[in-house]
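Peer 1: Before anything else, here's the structure in question.
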Amino acid sequence: MTIQYPDRLLPKDWAKRKPVIAKTKSTGIGARLIDLKKKHDEVDWNAFEMKNRGTLTSLEKVYEIADKACKTKLRTLANDARDIADLASSWVEKFTKDKLMPKAAAQAAKAVEDAADSYRKSIVPLESILQKEYNEEKKHYIDKLKKDINPVIISGLGKIDLFLSDIARLKSKPTKENFMKLVLGDGGARGYCTLCKNWDQRMKNFPDVRDGIFTGSAMSVFFPPVQEFGAGLDQDKWEKTIKEVMEKNAKSEGQVIKAYADFLDRQVPNIRRFKGYLEAALDAFG
């Protein structure tokens, strides 16, 4: 979104077109044109480009900077261009009334007036154009994120169901075999813990949807109680952990496994609550 600076507003162009006799008049136009060109060159016009910014976060940061520039630098340019057009217009009238002044003087001032007015008109719509392009790009990113997040939620719901099934089986029959099925590999427990992280990372892109469902952090609320079971520890590490718990609490292996089963069973309401949030998000995304 770049605005080409008009040749007619270049100070050297004004100096070239103004007749020698007109140079005896202190119009103030030249100084204003020097200032306008300086301000134009100070604008980072590439900063107004909203396309191909990579991520929604990057787009929002770029837009924030560009929107601020629109409300400051571009508005200043437009106001200055208006003032220059008014100033040049006043000199068109003065040069025209001066019988000793060549027509070229009024023509040169008129050229500045028209160019400044045209330049102003090209700047004024940029704020709304920027907003439109930003909204279009944001929609593009959000649509893509929605498309990407739905499979994650659907897969995650499957992992939660597996986790709940593993807990129910372990509660019903608290054996080491059932316990190991629950904690080893990429099963329900690990999938549930990964989903907590995914919720926080992905749903931050959809604050309206997220905050209408759950305003907290899944990693703070749902993850901590079960993080040990979804940590992806191998069987040797779990064997060692179970043994350490047995020795520390003077419990048998069966008692330790049952304690784990009872603890996980108490987490079921919380797990189901998180599942409900995921289902609500899936409904919201369609």
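Here's how to read the names in the structure tokens: chain A, B, ... by the order shown, residue numbers from 1 in each chain, ligand numbers from 1 in the order shown.
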Determine, counting only C-alpha atoms, which protein, DNA and RNA residues have an atom within 10 Å of an atom of segment 194-206 of chain A; residues of the same chain fewer than 5 positions away are not included. Present the result as a ChimeraX atom specification.
Peer 2: /A:56-57,141-142,145-146,148-149,152-153,155-157,159-160,186,188-189,211,216-224,227,230-231,274,277-278,281,285
Peer 1: Hey, can you spit out that residue selection with C-alpha atoms as an mmCIF file, in the first residue's frame?
Peer 2:
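Written file, part_9.cif:
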```cif
data_model
loop_
_atom_site.group_PDB
_atom_site.id
_atom_site.type_symbol
_atom_site.label_atom_id
_atom_site.label_comp_id
_atom_site.auth_asym_id
_atom_site.auth_seq_id
_atom_site.Cartn_x
_atom_site.Cartn_y
_atom_site.Cartn_z
ATOM 1 C CA LEU A 56 -2.030 -14.321 12.992
ATOM 2 C CA THR A 57 0.151 -12.993 15.809
ATOM 3 C CA TYR A 141 -5.766 -16.928 9.147
ATOM 4 C CA ILE A 142 -8.673 -17.694 11.475
ATOM 5 C CA LEU A 145 -6.666 -22.119 12.205
ATOM 6 C CA LYS A 146 -10.229 -23.370 12.600
ATOM 7 C CA ASP A 148 -6.476 -27.054 11.615
ATOM 8 C CA ILE A 149 -7.890 -27.134 15.136
ATOM 9 C CA VAL A 152 -6.957 -31.809 16.930
ATOM 10 C CA ILE A 153 -10.097 -31.528 19.048
ATOM 11 C CA SER A 155 -8.564 -36.635 18.004
ATOM 12 C CA GLY A 156 -8.274 -35.279 21.544
ATOM 13 C CA LEU A 157 -11.823 -36.288 22.401
ATOM 14 C CA LYS A 159 -7.900 -39.726 23.645
ATOM 15 C CA ILE A 160 -10.059 -38.532 26.539
ATOM 16 C CA ASP A 186 0.888 -42.663 23.413
ATOM 17 C CA GLY A 188 -5.216 -41.793 26.678
ATOM 18 C CA ALA A 189 -3.257 -40.323 29.583
ATOM 19 C CA ASP A 211 -13.557 -17.070 26.960
ATOM 20 C CA GLY A 216 -8.613 -20.318 32.727
ATOM 21 C CA SER A 217 -5.532 -22.231 31.625
ATOM 22 C CA ALA A 218 -5.897 -25.948 30.939
ATOM 23 C CA MET A 219 -2.246 -26.420 31.872
ATOM 24 C CA SER A 220 -2.971 -24.862 35.275
ATOM 25 C CA VAL A 221 -6.319 -26.503 36.006
ATOM 26 C CA PHE A 222 -6.586 -29.853 34.221
ATOM 27 C CA PHE A 223 -2.990 -30.867 33.606
ATOM 28 C CA PRO A 224 -1.299 -30.867 37.056
ATOM 29 C CA GLN A 227 0.714 -34.939 34.532
ATOM 30 C CA GLY A 230 0.832 -38.725 30.924
ATOM 31 C CA ALA A 231 4.547 -37.965 31.152
ATOM 32 C CA PHE A 274 -12.539 -30.548 30.185
ATOM 33 C CA TYR A 277 -15.236 -27.654 27.015
ATOM 34 C CA LEU A 278 -13.681 -29.322 23.992
ATOM 35 C CA ALA A 281 -15.391 -25.514 21.162
ATOM 36 C CA PHE A 285 -16.155 -23.898 15.224
#
```
Peer 1: Report as a list of chain:residue names all protein, DNA and RNA residues lying within 10 Å of Ala69 of chain A, evaluated on only C-alpha atoms, omitting residues in the same chain fewer than 3 positions from it.
Peer 2: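 Everything that qualifies: A:Val43, A:Asp44, A:Trp45, A:Ala47, A:Phe48, A:Tyr63, A:Glu64, A:Ile65, A:Ala66, A:Thr72, A:Lys73, A:Leu74, A:Arg75, A:Thr76, A:Glu127.
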Peer 1: Identify which of the residues A:Ile167, A:Met1, A:Val256, A:Leu184 lies closest to Ile129 of chain A, counting only C-alpha atoms when measuring atom-to-atom distances.
Peer 2: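 Using only C-alpha atoms, the shortest distance to Ile129 of chain A belongs to A:Met1.
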Peer 1: If DSSP is run on the backbone, what residues of segment 43-248 of chain A are helix (DSSP H, G or I)? A reply as a ChimeraX atom specification would be ideal.
Peer 2: /A:45-48,56-97,103-123,126-172,176-183,188-203,207-211,218-221,224-226,235-248
Peer 1: Quick one, how far is atom CA of Ile271 of chain A from atom CA of Ala259 of chain A?
Peer 2: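 It comes out at 18.3 Å.
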Peer 1: State, in Å with one decimal place, the distance from atom CA of Ala115 of chain A to atom CA of Lys37 of chain A.
Peer 2: 12.9 Å
Peer 1: Just want the 10 Å neighbourhood of Glu253 of chain A, counted on only C-alpha atoms, with same-chain residues fewer than 4 positions away dropped. Output as a list in words.
Peer 2: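 What passes the distance filter is Thr175, Lys176, Glu239, Ile242, Lys243, Val245, Met246, Glu247, Ile257, Lys258 and Ala259 of chain A.
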Peer 1: Out of A:Asp166, A:Asp86, A:Asp41, A:Asp265, which residue has the shortest atom-to-atom distance to Arg120 of chain A when counting only C-alpha atoms?
Peer 2: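 When distances to Arg120 of chain A are compared using only C-alpha atoms, the smallest one comes from A:Asp86.
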Peer 1: How far is it from atom CA of Leu162 of chain A to atom CA of Phe229 of chain A, in Å with one decimal?
Peer 2: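 That distance, rounded to one decimal, is 13.5 Å.
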